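What's in entry06.txt: compact mmCIF, N, CA and C atoms and all ligand atoms
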# COMPACT_ATOMS: atom_id res chain seq x y z
N MET A 1 0.84 -1.21 0.00
CA MET A 1 0.00 0.00 0.00
C MET A 1 0.87 1.26 0.00
N GLU A 2 0.42 2.23 -0.75
CA GLU A 2 1.16 3.49 -0.84
C GLU A 2 0.34 4.62 -0.22
N ARG A 3 1.05 5.63 0.29
CA ARG A 3 0.39 6.81 0.86
C ARG A 3 0.71 8.03 0.00
N THR A 4 -0.27 8.90 -0.09
CA THR A 4 -0.02 10.20 -0.72
C THR A 4 -0.63 11.29 0.15
N PHE A 5 -0.24 12.51 -0.17
CA PHE A 5 -0.75 13.65 0.58
C PHE A 5 -1.65 14.48 -0.34
N ALA A 6 -2.80 14.88 0.17
CA ALA A 6 -3.79 15.61 -0.63
C ALA A 6 -4.31 16.82 0.14
N ILE A 7 -4.69 17.85 -0.62
CA ILE A 7 -5.35 19.02 -0.01
C ILE A 7 -6.62 19.34 -0.80
N ILE A 8 -7.70 19.61 -0.07
CA ILE A 8 -8.85 20.30 -0.64
C ILE A 8 -8.56 21.77 -0.42
N LYS A 9 -8.25 22.47 -1.53
CA LYS A 9 -7.73 23.84 -1.46
C LYS A 9 -8.82 24.84 -1.04
N PRO A 10 -8.40 26.07 -0.66
CA PRO A 10 -9.36 27.05 -0.14
C PRO A 10 -10.53 27.37 -1.08
N ASP A 11 -10.31 27.34 -2.40
CA ASP A 11 -11.42 27.64 -3.33
C ASP A 11 -12.52 26.59 -3.22
N ALA A 12 -12.12 25.31 -3.19
CA ALA A 12 -13.11 24.22 -3.13
C ALA A 12 -13.79 24.17 -1.77
N PHE A 13 -13.02 24.44 -0.71
CA PHE A 13 -13.62 24.45 0.62
C PHE A 13 -14.65 25.56 0.74
N LYS A 14 -14.26 26.75 0.28
CA LYS A 14 -15.13 27.93 0.36
C LYS A 14 -16.42 27.74 -0.44
N ALA A 15 -16.31 27.06 -1.57
CA ALA A 15 -17.48 26.83 -2.44
C ALA A 15 -18.39 25.72 -1.91
N GLY A 16 -18.01 25.10 -0.81
CA GLY A 16 -18.85 24.04 -0.23
C GLY A 16 -18.71 22.70 -0.92
N ASN A 17 -17.57 22.46 -1.58
CA ASN A 17 -17.39 21.23 -2.34
C ASN A 17 -16.59 20.15 -1.60
N ALA A 18 -16.22 20.41 -0.35
CA ALA A 18 -15.39 19.42 0.37
C ALA A 18 -16.12 18.08 0.50
N GLY A 19 -17.39 18.11 0.81
CA GLY A 19 -18.15 16.87 0.99
C GLY A 19 -18.19 16.04 -0.28
N LYS A 20 -18.44 16.70 -1.41
CA LYS A 20 -18.49 15.98 -2.69
C LYS A 20 -17.13 15.37 -3.03
N ILE A 21 -16.06 16.11 -2.74
CA ILE A 21 -14.72 15.60 -3.03
C ILE A 21 -14.41 14.41 -2.12
N LEU A 22 -14.78 14.48 -0.85
CA LEU A 22 -14.56 13.34 0.05
C LEU A 22 -15.35 12.12 -0.41
N THR A 23 -16.57 12.34 -0.90
CA THR A 23 -17.37 11.23 -1.42
C THR A 23 -16.66 10.54 -2.59
N ARG A 24 -16.07 11.35 -3.48
CA ARG A 24 -15.32 10.78 -4.61
C ARG A 24 -14.11 9.98 -4.12
N ILE A 25 -13.42 10.53 -3.10
CA ILE A 25 -12.23 9.85 -2.56
C ILE A 25 -12.60 8.45 -2.07
N TYR A 26 -13.70 8.35 -1.32
CA TYR A 26 -14.15 7.03 -0.83
C TYR A 26 -14.60 6.16 -2.00
N ALA A 27 -15.36 6.73 -2.93
CA ALA A 27 -15.90 5.95 -4.05
C ALA A 27 -14.78 5.35 -4.91
N GLU A 28 -13.64 6.05 -4.99
CA GLU A 28 -12.52 5.56 -5.80
C GLU A 28 -11.66 4.56 -5.04
N GLY A 29 -11.99 4.30 -3.78
CA GLY A 29 -11.31 3.23 -3.05
C GLY A 29 -10.13 3.66 -2.21
N PHE A 30 -9.97 4.94 -1.98
CA PHE A 30 -8.91 5.38 -1.07
C PHE A 30 -9.35 5.18 0.38
N LYS A 31 -8.38 4.92 1.24
CA LYS A 31 -8.60 4.97 2.68
C LYS A 31 -8.04 6.31 3.18
N ILE A 32 -8.81 7.01 4.00
CA ILE A 32 -8.33 8.28 4.56
C ILE A 32 -7.67 7.97 5.90
N LEU A 33 -6.33 8.07 5.93
CA LEU A 33 -5.57 7.74 7.15
C LEU A 33 -5.50 8.91 8.11
N GLY A 34 -5.50 10.11 7.55
CA GLY A 34 -5.44 11.32 8.37
C GLY A 34 -6.20 12.43 7.68
N LEU A 35 -6.83 13.31 8.47
CA LEU A 35 -7.60 14.40 7.88
C LEU A 35 -7.71 15.53 8.89
N LYS A 36 -7.43 16.75 8.47
CA LYS A 36 -7.74 17.90 9.32
C LYS A 36 -8.02 19.15 8.52
N LYS A 37 -8.88 19.98 9.09
CA LYS A 37 -9.17 21.29 8.52
C LYS A 37 -8.25 22.30 9.20
N LEU A 38 -7.61 23.14 8.40
CA LEU A 38 -6.77 24.18 8.98
C LEU A 38 -6.66 25.37 8.04
N CYS A 39 -6.17 26.48 8.59
CA CYS A 39 -5.89 27.68 7.80
C CYS A 39 -4.38 27.85 7.78
N LEU A 40 -3.78 27.76 6.61
CA LEU A 40 -2.33 27.95 6.50
C LEU A 40 -1.98 29.43 6.64
N SER A 41 -0.92 29.71 7.37
CA SER A 41 -0.37 31.07 7.34
C SER A 41 0.42 31.21 6.03
N LYS A 42 0.75 32.45 5.69
CA LYS A 42 1.57 32.68 4.50
C LYS A 42 2.90 31.92 4.61
N LYS A 43 3.51 31.98 5.79
CA LYS A 43 4.80 31.31 6.02
C LYS A 43 4.66 29.79 5.87
N GLU A 44 3.58 29.22 6.40
CA GLU A 44 3.38 27.78 6.29
C GLU A 44 3.16 27.37 4.84
N ALA A 45 2.42 28.19 4.07
CA ALA A 45 2.21 27.90 2.65
C ALA A 45 3.54 28.00 1.89
N GLU A 46 4.37 28.98 2.23
CA GLU A 46 5.69 29.12 1.58
C GLU A 46 6.57 27.92 1.86
N GLY A 47 6.52 27.41 3.09
CA GLY A 47 7.32 26.23 3.44
C GLY A 47 6.84 25.00 2.71
N PHE A 48 5.53 24.88 2.58
CA PHE A 48 4.95 23.72 1.90
C PHE A 48 5.33 23.69 0.43
N TYR A 49 5.25 24.85 -0.23
CA TYR A 49 5.54 24.94 -1.66
C TYR A 49 6.96 25.45 -1.94
N ALA A 50 7.90 25.20 -1.00
CA ALA A 50 9.27 25.72 -1.13
C ALA A 50 9.93 25.32 -2.45
N VAL A 51 9.58 24.16 -3.00
CA VAL A 51 10.19 23.75 -4.29
C VAL A 51 9.87 24.75 -5.41
N HIS A 52 8.79 25.52 -5.24
CA HIS A 52 8.39 26.47 -6.29
C HIS A 52 8.85 27.90 -5.99
N ARG A 53 9.75 28.08 -5.00
CA ARG A 53 10.02 29.46 -4.53
C ARG A 53 10.60 30.38 -5.60
N GLU A 54 11.27 29.82 -6.60
CA GLU A 54 11.83 30.67 -7.66
C GLU A 54 10.84 30.91 -8.81
N ARG A 55 9.68 30.27 -8.76
CA ARG A 55 8.75 30.36 -9.89
C ARG A 55 7.96 31.67 -9.84
N PRO A 56 7.57 32.19 -11.01
CA PRO A 56 6.87 33.48 -11.05
C PRO A 56 5.52 33.46 -10.32
N PHE A 57 4.91 32.28 -10.20
CA PHE A 57 3.58 32.21 -9.58
C PHE A 57 3.64 31.94 -8.08
N PHE A 58 4.85 31.93 -7.49
CA PHE A 58 5.01 31.54 -6.08
C PHE A 58 4.22 32.44 -5.13
N ASN A 59 4.28 33.75 -5.35
CA ASN A 59 3.59 34.67 -4.44
C ASN A 59 2.07 34.52 -4.53
N ASP A 60 1.55 34.45 -5.76
CA ASP A 60 0.11 34.25 -5.94
C ASP A 60 -0.34 32.91 -5.33
N LEU A 61 0.47 31.89 -5.57
CA LEU A 61 0.13 30.54 -5.08
C LEU A 61 0.06 30.52 -3.55
N THR A 62 1.05 31.12 -2.90
CA THR A 62 1.08 31.07 -1.43
C THR A 62 0.06 32.02 -0.82
N ASN A 63 -0.26 33.12 -1.50
CA ASN A 63 -1.37 33.97 -1.05
C ASN A 63 -2.68 33.20 -1.10
N PHE A 64 -2.91 32.53 -2.23
CA PHE A 64 -4.13 31.74 -2.39
C PHE A 64 -4.23 30.64 -1.34
N MET A 65 -3.14 29.91 -1.13
CA MET A 65 -3.19 28.77 -0.21
C MET A 65 -3.37 29.21 1.24
N SER A 66 -3.07 30.49 1.52
CA SER A 66 -3.27 31.00 2.89
C SER A 66 -4.50 31.91 2.98
N SER A 67 -5.38 31.81 1.98
CA SER A 67 -6.53 32.73 1.91
C SER A 67 -7.76 32.24 2.68
N GLY A 68 -7.74 31.01 3.17
CA GLY A 68 -8.91 30.50 3.89
C GLY A 68 -8.69 29.06 4.30
N PRO A 69 -9.70 28.46 4.93
CA PRO A 69 -9.55 27.09 5.40
C PRO A 69 -9.34 26.10 4.26
N CYS A 70 -8.58 25.05 4.55
CA CYS A 70 -8.47 23.95 3.60
C CYS A 70 -8.49 22.64 4.40
N ILE A 71 -8.56 21.52 3.70
CA ILE A 71 -8.53 20.21 4.35
C ILE A 71 -7.29 19.48 3.86
N VAL A 72 -6.45 19.06 4.80
CA VAL A 72 -5.26 18.29 4.45
C VAL A 72 -5.48 16.83 4.83
N MET A 73 -5.00 15.94 3.97
CA MET A 73 -5.29 14.51 4.16
C MET A 73 -4.11 13.62 3.77
N VAL A 74 -4.06 12.47 4.41
CA VAL A 74 -3.19 11.40 3.95
C VAL A 74 -4.09 10.29 3.42
N LEU A 75 -3.89 9.94 2.15
CA LEU A 75 -4.70 8.92 1.48
C LEU A 75 -3.85 7.68 1.25
N GLU A 76 -4.47 6.52 1.38
CA GLU A 76 -3.79 5.26 1.15
C GLU A 76 -4.54 4.43 0.12
N ALA A 77 -3.78 3.85 -0.81
CA ALA A 77 -4.33 2.95 -1.84
C ALA A 77 -3.15 2.30 -2.55
N GLU A 78 -3.43 1.27 -3.35
CA GLU A 78 -2.41 0.75 -4.26
C GLU A 78 -2.08 1.86 -5.25
N GLY A 79 -0.83 2.21 -5.37
CA GLY A 79 -0.43 3.26 -6.31
C GLY A 79 -1.10 4.60 -6.03
N ALA A 80 -1.20 4.95 -4.75
CA ALA A 80 -1.98 6.12 -4.34
C ALA A 80 -1.52 7.43 -4.99
N ILE A 81 -0.22 7.59 -5.19
CA ILE A 81 0.29 8.88 -5.71
C ILE A 81 -0.25 9.11 -7.12
N ARG A 82 -0.04 8.12 -7.98
CA ARG A 82 -0.52 8.25 -9.36
C ARG A 82 -2.05 8.25 -9.42
N LYS A 83 -2.66 7.39 -8.63
CA LYS A 83 -4.13 7.24 -8.63
C LYS A 83 -4.80 8.58 -8.24
N TRP A 84 -4.25 9.24 -7.23
CA TRP A 84 -4.84 10.52 -6.80
C TRP A 84 -4.61 11.60 -7.85
N ARG A 85 -3.42 11.62 -8.47
CA ARG A 85 -3.18 12.63 -9.50
C ARG A 85 -4.09 12.40 -10.71
N GLU A 86 -4.38 11.14 -11.01
CA GLU A 86 -5.32 10.84 -12.11
C GLU A 86 -6.72 11.32 -11.77
N LEU A 87 -7.13 11.11 -10.53
CA LEU A 87 -8.47 11.55 -10.11
C LEU A 87 -8.56 13.09 -10.12
N MET A 88 -7.46 13.77 -9.75
CA MET A 88 -7.46 15.24 -9.79
C MET A 88 -7.54 15.78 -11.21
N GLY A 89 -6.80 15.19 -12.12
CA GLY A 89 -6.72 15.70 -13.49
C GLY A 89 -5.62 16.75 -13.64
N ALA A 90 -5.53 17.32 -14.84
CA ALA A 90 -4.45 18.25 -15.18
C ALA A 90 -4.47 19.48 -14.27
N THR A 91 -3.29 20.09 -14.09
CA THR A 91 -3.14 21.27 -13.23
C THR A 91 -4.11 22.37 -13.62
N ASN A 92 -4.23 22.62 -14.92
CA ASN A 92 -5.18 23.62 -15.41
C ASN A 92 -6.54 22.96 -15.67
N PRO A 93 -7.57 23.36 -14.91
CA PRO A 93 -8.90 22.74 -15.09
C PRO A 93 -9.39 22.75 -16.54
N ASN A 94 -8.96 23.74 -17.32
CA ASN A 94 -9.36 23.80 -18.73
C ASN A 94 -8.82 22.61 -19.53
N ASP A 95 -7.69 22.05 -19.06
CA ASP A 95 -7.08 20.92 -19.76
C ASP A 95 -7.45 19.58 -19.12
N ALA A 96 -8.16 19.63 -18.01
CA ALA A 96 -8.44 18.41 -17.25
C ALA A 96 -9.55 17.60 -17.93
N ALA A 97 -9.42 16.27 -17.85
CA ALA A 97 -10.39 15.37 -18.50
C ALA A 97 -11.73 15.40 -17.76
N GLN A 98 -12.78 15.13 -18.52
CA GLN A 98 -14.13 14.98 -17.95
C GLN A 98 -14.09 13.97 -16.80
N GLY A 99 -14.78 14.27 -15.74
CA GLY A 99 -14.87 13.33 -14.62
C GLY A 99 -13.78 13.52 -13.58
N THR A 100 -12.78 14.36 -13.86
CA THR A 100 -11.74 14.61 -12.86
C THR A 100 -12.19 15.72 -11.90
N LEU A 101 -11.55 15.76 -10.74
CA LEU A 101 -11.93 16.73 -9.71
C LEU A 101 -11.65 18.16 -10.15
N ARG A 102 -10.51 18.37 -10.82
CA ARG A 102 -10.20 19.74 -11.24
C ARG A 102 -11.13 20.21 -12.34
N LYS A 103 -11.56 19.29 -13.20
CA LYS A 103 -12.55 19.66 -14.22
C LYS A 103 -13.86 20.09 -13.55
N GLU A 104 -14.27 19.30 -12.57
CA GLU A 104 -15.58 19.54 -11.95
C GLU A 104 -15.56 20.71 -10.96
N PHE A 105 -14.49 20.83 -10.18
CA PHE A 105 -14.50 21.81 -9.09
C PHE A 105 -13.49 22.95 -9.25
N GLY A 106 -12.52 22.84 -10.16
CA GLY A 106 -11.56 23.91 -10.37
C GLY A 106 -12.14 24.97 -11.29
N THR A 107 -11.65 26.21 -11.13
CA THR A 107 -12.15 27.29 -11.99
C THR A 107 -11.04 27.97 -12.78
N SER A 108 -9.77 27.78 -12.38
CA SER A 108 -8.64 28.35 -13.12
C SER A 108 -7.37 27.64 -12.68
N ILE A 109 -6.26 27.92 -13.37
CA ILE A 109 -5.00 27.25 -12.98
C ILE A 109 -4.61 27.61 -11.55
N ASP A 110 -4.98 28.78 -11.09
CA ASP A 110 -4.66 29.20 -9.72
C ASP A 110 -5.66 28.63 -8.71
N ASN A 111 -6.90 28.52 -9.13
CA ASN A 111 -7.98 28.02 -8.25
C ASN A 111 -8.39 26.64 -8.75
N ASN A 112 -7.52 25.65 -8.48
CA ASN A 112 -7.73 24.34 -9.09
C ASN A 112 -8.13 23.24 -8.10
N ALA A 113 -8.71 23.66 -6.98
CA ALA A 113 -9.50 22.78 -6.09
C ALA A 113 -8.74 21.78 -5.22
N THR A 114 -7.71 21.16 -5.78
CA THR A 114 -7.03 20.10 -5.02
C THR A 114 -5.52 20.13 -5.26
N HIS A 115 -4.82 19.53 -4.34
CA HIS A 115 -3.37 19.29 -4.46
C HIS A 115 -3.09 17.82 -4.29
N GLY A 116 -2.05 17.33 -4.96
CA GLY A 116 -1.58 15.97 -4.71
C GLY A 116 -0.07 15.88 -4.87
N SER A 117 0.55 15.06 -4.04
CA SER A 117 2.00 14.83 -4.14
C SER A 117 2.33 14.28 -5.53
N ASP A 118 3.55 14.60 -6.02
CA ASP A 118 3.91 14.15 -7.37
C ASP A 118 4.93 13.01 -7.40
N ALA A 119 5.43 12.59 -6.25
CA ALA A 119 6.44 11.50 -6.22
C ALA A 119 6.56 11.00 -4.77
N PRO A 120 7.16 9.80 -4.58
CA PRO A 120 7.29 9.27 -3.23
C PRO A 120 8.04 10.20 -2.28
N GLU A 121 9.09 10.88 -2.77
CA GLU A 121 9.89 11.76 -1.90
C GLU A 121 9.05 12.96 -1.47
N THR A 122 8.28 13.54 -2.40
CA THR A 122 7.47 14.71 -2.04
C THR A 122 6.31 14.27 -1.13
N ALA A 123 5.77 13.08 -1.36
CA ALA A 123 4.70 12.58 -0.48
C ALA A 123 5.23 12.46 0.95
N ALA A 124 6.43 11.93 1.11
CA ALA A 124 7.01 11.77 2.45
C ALA A 124 7.20 13.13 3.12
N PHE A 125 7.74 14.10 2.37
CA PHE A 125 7.93 15.45 2.92
C PHE A 125 6.59 16.09 3.29
N GLU A 126 5.63 16.00 2.40
CA GLU A 126 4.35 16.69 2.60
C GLU A 126 3.54 16.06 3.74
N ILE A 127 3.56 14.73 3.84
CA ILE A 127 2.86 14.06 4.95
C ILE A 127 3.48 14.50 6.27
N GLY A 128 4.81 14.51 6.32
CA GLY A 128 5.51 14.88 7.55
C GLY A 128 5.35 16.35 7.91
N TYR A 129 5.05 17.17 6.92
CA TYR A 129 4.86 18.62 7.16
C TYR A 129 3.60 18.85 8.00
N PHE A 130 2.61 18.00 7.83
CA PHE A 130 1.30 18.21 8.48
C PHE A 130 0.91 17.18 9.53
N PHE A 131 1.49 15.98 9.45
CA PHE A 131 1.03 14.90 10.33
C PHE A 131 2.22 14.24 11.03
N SER A 132 2.00 13.86 12.30
CA SER A 132 2.99 13.06 13.01
C SER A 132 2.59 11.58 12.87
N GLY A 133 3.54 10.70 13.06
CA GLY A 133 3.29 9.26 12.91
C GLY A 133 2.11 8.78 13.74
N ILE A 134 1.99 9.32 14.95
CA ILE A 134 0.96 8.85 15.87
C ILE A 134 -0.46 9.20 15.38
N GLU A 135 -0.55 10.21 14.49
CA GLU A 135 -1.86 10.59 13.95
C GLU A 135 -2.29 9.69 12.80
N LEU A 136 -1.39 8.84 12.33
CA LEU A 136 -1.67 8.07 11.11
C LEU A 136 -1.73 6.58 11.37
N LEU A 137 -1.91 6.19 12.61
CA LEU A 137 -2.04 4.76 12.92
C LEU A 137 -3.31 4.23 12.25
N ALA A 138 -3.17 3.11 11.54
CA ALA A 138 -4.33 2.57 10.81
C ALA A 138 -5.35 1.99 11.78
P1 LIG B 1 -0.27 20.92 -6.94
O1 LIG B 1 1.19 20.90 -6.54
O2 LIG B 1 -1.02 22.07 -6.31
O3 LIG B 1 -0.92 19.59 -6.69
O4 LIG B 1 -0.37 21.14 -8.51
P2 LIG B 1 0.47 20.45 -9.66
O5 LIG B 1 1.45 19.48 -9.09
O6 LIG B 1 -0.50 19.94 -10.66
O7 LIG B 1 1.23 21.70 -10.26
P3 LIG B 1 2.61 22.38 -9.79
O8 LIG B 1 3.48 22.50 -10.99
O9 LIG B 1 3.18 21.66 -8.60
O10 LIG B 1 2.16 23.85 -9.37
C1 LIG B 1 1.64 24.10 -8.09
C2 LIG B 1 0.44 25.03 -8.23
O11 LIG B 1 0.90 26.29 -8.73
C3 LIG B 1 -0.04 26.83 -9.62
N1 LIG B 1 0.57 27.05 -10.92
N2 LIG B 1 0.42 28.14 -11.60
N3 LIG B 1 0.55 30.13 -13.60
C4 LIG B 1 1.19 29.00 -13.77
O12 LIG B 1 1.85 28.76 -14.76
C5 LIG B 1 1.12 27.99 -12.74
N4 LIG B 1 1.70 26.81 -12.75
C6 LIG B 1 1.35 26.21 -11.59
C7 LIG B 1 -1.20 25.85 -9.76
O13 LIG B 1 -2.26 26.30 -8.94
C8 LIG B 1 -0.60 24.56 -9.24
O14 LIG B 1 -1.59 23.75 -8.63
MG MG B 2 2.77 19.95 -7.53
Would you mind writing the file out in structure tokens?
Ligand code: RTP
Ligand code: MG
Amino acid sequence: MERTFAIIKPDAFKAGNAGKILTRIYAEGFKILGLKKLCLSKKEAEGFYAVHRERPFFNDLTNFMSSGPCIVMVLEAEGAIRKWRELMGATNPNDAAQGTLRKEFGTSIDNNATHGSDAPETAAFEIGYFFSGIELLA
């Protein structure tokens, strides 16, 4: 079994779509090992997205991620990292396939509803950023 880290971003939470997204997560066969609602500070968002700190969209991205409540989760499934990214769809909702979360709930490349780890190393970093081992006991 593999673990990945996921976020229901502030746009989707604010729009009242968290419940629908959680329903999809269960329907697709993920187990939710950890879940919490929180509001990221600007500094916490910058630390989370530190790999993007040199990118032109870094300031907008971290402002957005600290703009309101979000839900952070650890998901478990066979091939969870790839499986969750497939369920999310392309980064830009305009390019995302029908039936994906970003197609359904995202409204722009900046307001794209969900986050998912992109590799085992980033999943390990991102899970550890928000959860301690004791919170993830199955
Ligand atoms: P995420 O990390 O949020 O799951 O998204 P991702 O892997 O699909 O995309 P990534 O390249 O990691 O970018 C992180 C977030 O930054 C915003 N972005 N804006 N304006 C742009 O060209 C641009 N590129 C990326 C997106 O909101 C993306 O989710
Ligand atoms: Mg990414």
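Considering only C-alpha atoms, the residue among A:Ile81, A:Leu75, A:Leu40, A:Met88 positioned nearest to A:Glu104 is A:Met88.
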Sort by chain and increasing residue number a table of all residues of chain A within 8 Å of ligand LIG 1 (chain B), each with its closest pair of atoms and their distance in Å to one decimal, counting only N, CA and C atoms and all ligand atoms, and write it as JSON lines.
{"residue": "A:Ala6", "atom": "CA", "partner": "B:LIG1", "partner_atom": "O3", "distance": 7.8}
{"residue": "A:Ile7", "atom": "N", "partner": "B:LIG1", "partner_atom": "O3", "distance": 7.4}
{"residue": "A:Tyr49", "atom": "CA", "partner": "B:LIG1", "partner_atom": "C1", "distance": 7.6}
{"residue": "A:His52", "atom": "CA", "partner": "B:LIG1", "partner_atom": "C1", "distance": 7.4}
{"residue": "A:Pro56", "atom": "C", "partner": "B:LIG1", "partner_atom": "N3", "distance": 6.8}
{"residue": "A:Phe57", "atom": "CA", "partner": "B:LIG1", "partner_atom": "N3", "distance": 5.4}
{"residue": "A:Phe58", "atom": "N", "partner": "B:LIG1", "partner_atom": "O11", "distance": 7.0}
{"residue": "A:Asp60", "atom": "C", "partner": "B:LIG1", "partner_atom": "C3", "distance": 7.4}
{"residue": "A:Leu61", "atom": "CA", "partner": "B:LIG1", "partner_atom": "O11", "distance": 5.7}
{"residue": "A:Thr62", "atom": "N", "partner": "B:LIG1", "partner_atom": "O11", "distance": 7.6}
{"residue": "A:Arg85", "atom": "CA", "partner": "B:LIG1", "partner_atom": "O3", "distance": 7.8}
{"residue": "A:Gly89", "atom": "C", "partner": "B:LIG1", "partner_atom": "O6", "distance": 6.7}
{"residue": "A:Ala90", "atom": "C", "partner": "B:LIG1", "partner_atom": "O6", "distance": 5.4}
{"residue": "A:Thr91", "atom": "CA", "partner": "B:LIG1", "partner_atom": "O6", "distance": 3.9}
{"residue": "A:Asn92", "atom": "N", "partner": "B:LIG1", "partner_atom": "O6", "distance": 6.3}
{"residue": "A:Ser108", "atom": "C", "partner": "B:LIG1", "partner_atom": "O13", "distance": 6.5}
{"residue": "A:Ile109", "atom": "C", "partner": "B:LIG1", "partner_atom": "O13", "distance": 3.7}
{"residue": "A:Asp110", "atom": "CA", "partner": "B:LIG1", "partner_atom": "O13", "distance": 3.8}
{"residue": "A:Asn111", "atom": "N", "partner": "B:LIG1", "partner_atom": "O13", "distance": 5.1}
{"residue": "A:Asn112", "atom": "N", "partner": "B:LIG1", "partner_atom": "O13", "distance": 5.3}
{"residue": "A:Ala113", "atom": "N", "partner": "B:LIG1", "partner_atom": "O13", "distance": 7.2}
{"residue": "A:Thr114", "atom": "C", "partner": "B:LIG1", "partner_atom": "O3", "distance": 4.8}
{"residue": "A:His115", "atom": "CA", "partner": "B:LIG1", "partner_atom": "O3", "distance": 3.3}
{"residue": "A:Gly116", "atom": "N", "partner": "B:LIG1", "partner_atom": "O3", "distance": 3.1}
{"residue": "A:Ser117", "atom": "N", "partner": "B:LIG1", "partner_atom": "O3", "distance": 5.5}
{"residue": "A:Asp118", "atom": "CA", "partner": "B:LIG1", "partner_atom": "O5", "distance": 6.1}
Env of A:Met65: 8 Å cut, atoms = all atoms listed in the file, seq-sep filter 6 positions within chain, self excluded. Answer as a CSV table (one decimal) with N, CA and C atoms, in the frame of the given file.
chain,number,residue,atom,x,y,z
A,9,LYS,N,-8.2,22.5,-1.5
A,9,LYS,CA,-7.7,23.8,-1.5
A,9,LYS,C,-8.8,24.8,-1.0
A,10,PRO,N,-8.4,26.1,-0.7
A,10,PRO,CA,-9.4,27.0,-0.1
A,10,PRO,C,-10.5,27.4,-1.1
A,11,ASP,N,-10.3,27.3,-2.4
A,11,ASP,CA,-11.4,27.6,-3.3
A,11,ASP,C,-12.5,26.6,-3.2
A,39,CYS,N,-6.2,26.5,8.6
A,39,CYS,CA,-5.9,27.7,7.8
A,39,CYS,C,-4.4,27.8,7.8
A,40,LEU,N,-3.8,27.8,6.6
A,40,LEU,CA,-2.3,28.0,6.5
A,40,LEU,C,-2.0,29.4,6.6
A,41,SER,N,-0.9,29.7,7.4
A,41,SER,CA,-0.4,31.1,7.3
A,41,SER,C,0.4,31.2,6.0
A,42,LYS,N,0.8,32.4,5.7
A,42,LYS,CA,1.6,32.7,4.5
A,42,LYS,C,2.9,31.9,4.6
A,44,GLU,N,3.6,29.2,6.4
A,44,GLU,CA,3.4,27.8,6.3
A,44,GLU,C,3.2,27.4,4.8
A,45,ALA,N,2.4,28.2,4.1
A,45,ALA,CA,2.2,27.9,2.6
A,45,ALA,C,3.5,28.0,1.9
A,46,GLU,N,4.4,29.0,2.2
A,46,GLU,CA,5.7,29.1,1.6
A,46,GLU,C,6.6,27.9,1.9
A,59,ASN,N,4.3,33.8,-5.4
A,59,ASN,CA,3.6,34.7,-4.4
A,59,ASN,C,2.1,34.5,-4.5
So that I can check the surroundings of A:Ile25, please list as an mmCIF file with N, CA and C atoms, in the frame of the given file every protein, DNA and RNA residue that reaches within 9 Å of it, counting only C-alpha atoms and ignoring chain neighbours fewer than 4 positions away.
data_model
loop_
_atom_site.group_PDB
_atom_site.id
_atom_site.type_symbol
_atom_site.label_atom_id
_atom_site.label_comp_id
_atom_site.auth_asym_id
_atom_site.auth_seq_id
_atom_site.Cartn_x
_atom_site.Cartn_y
_atom_site.Cartn_z
ATOM 1 N N LYS A 20 -18.440 16.700 -1.410
ATOM 2 C CA LYS A 20 -18.490 15.980 -2.690
ATOM 3 C C LYS A 20 -17.130 15.370 -3.030
ATOM 4 N N ILE A 21 -16.060 16.110 -2.740
ATOM 5 C CA ILE A 21 -14.720 15.600 -3.030
ATOM 6 C C ILE A 21 -14.410 14.410 -2.120
ATOM 7 N N GLY A 29 -11.990 4.300 -3.780
ATOM 8 C CA GLY A 29 -11.310 3.230 -3.050
ATOM 9 C C GLY A 29 -10.130 3.660 -2.210
ATOM 10 N N PHE A 30 -9.970 4.940 -1.980
ATOM 11 C CA PHE A 30 -8.910 5.380 -1.070
ATOM 12 C C PHE A 30 -9.350 5.180 0.380
ATOM 13 N N LYS A 31 -8.380 4.920 1.240
ATOM 14 C CA LYS A 31 -8.600 4.970 2.680
ATOM 15 C C LYS A 31 -8.040 6.310 3.180
ATOM 16 N N ILE A 32 -8.810 7.010 4.000
ATOM 17 C CA ILE A 32 -8.330 8.280 4.560
ATOM 18 C C ILE A 32 -7.670 7.970 5.900
ATOM 19 N N LEU A 75 -3.890 9.940 2.150
ATOM 20 C CA LEU A 75 -4.700 8.920 1.480
ATOM 21 C C LEU A 75 -3.850 7.680 1.250
ATOM 22 N N TRP A 84 -4.250 9.240 -7.230
ATOM 23 C CA TRP A 84 -4.840 10.520 -6.800
ATOM 24 C C TRP A 84 -4.610 11.600 -7.850
ATOM 25 N N LEU A 87 -7.130 11.110 -10.530
ATOM 26 C CA LEU A 87 -8.470 11.550 -10.110
ATOM 27 C C LEU A 87 -8.560 13.090 -10.120
#
Would you work out the distance separating atom CA of A:Ala27 from atom CA of A:Ser66, expressed in Å to one decimal?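 Between atom CA of A:Ala27 and atom CA of A:Ser66 the gap is 28.9 Å.
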I need the residue nearest A:Val72 from this list: A:Lys43, A:Arg102, A:Lys36, A:Arg55. Use all atoms listed in the file for the distance.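 Nearest to A:Val72: A:Lys36.
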Which of these residues is nearest to ligand MG 2 (chain B), using only C-alpha atoms and all ligand atoms: A:Val51, A:Met73, A:Tyr26, A:Gly133?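 For ligand MG 2 (chain B), the nearest of the given residues is A:Val51.
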Atom pair atom CA of A:Ile8 / atom N of A:Cys70: separation (Å): 7.0 Å
Within chain A, find each residue whose DSSP state, derived from the backbone, is helix (DSSP H, G or I), and express the selection as a PyMOL selection string. chain A and resi 10-14+18-27+42-48+50-52+58-65+80-88+93-95+101-105+120-130+133-136
Taken to one decimal, the atom CA of A:Thr100-atom CA of A:Phe131 distance is 26.5 Å
Is it possible to get the axis-aligned box enclosing stretch 110-128 of chain A (all listed atoms, 6 Å extra per side) as AutoDock Vina command-line options, with centre and edge lengths in Å rounded to one decimal?
--center_x 0.2 --center_y 19.2 --center_z -1.6 --size_x 31.4 --size_y 31.9 --size_z 31.0
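Of the listed residues A:Phe13, A:Leu101, A:Val74, A:Arg24, the one whose atoms come nearest to A:Leu137 is A:Val74, with distances taken using only C-alpha atoms.
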Would you list, as a list in words, the residues of stretch 25-125 of chain A that end up in strand (DSSP E) under DSSP run on this structure's backbone?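 Filtering stretch 25-125 of chain A to strand (DSSP E) leaves Lys31, Ile32, Leu33, Gly34, Leu35, Lys36, Lys37, Leu38, Cys70, Ile71, Val72, Met73, Val74, Leu75, Glu76, Ala77, Thr114, His115 and Gly116 of chain A.
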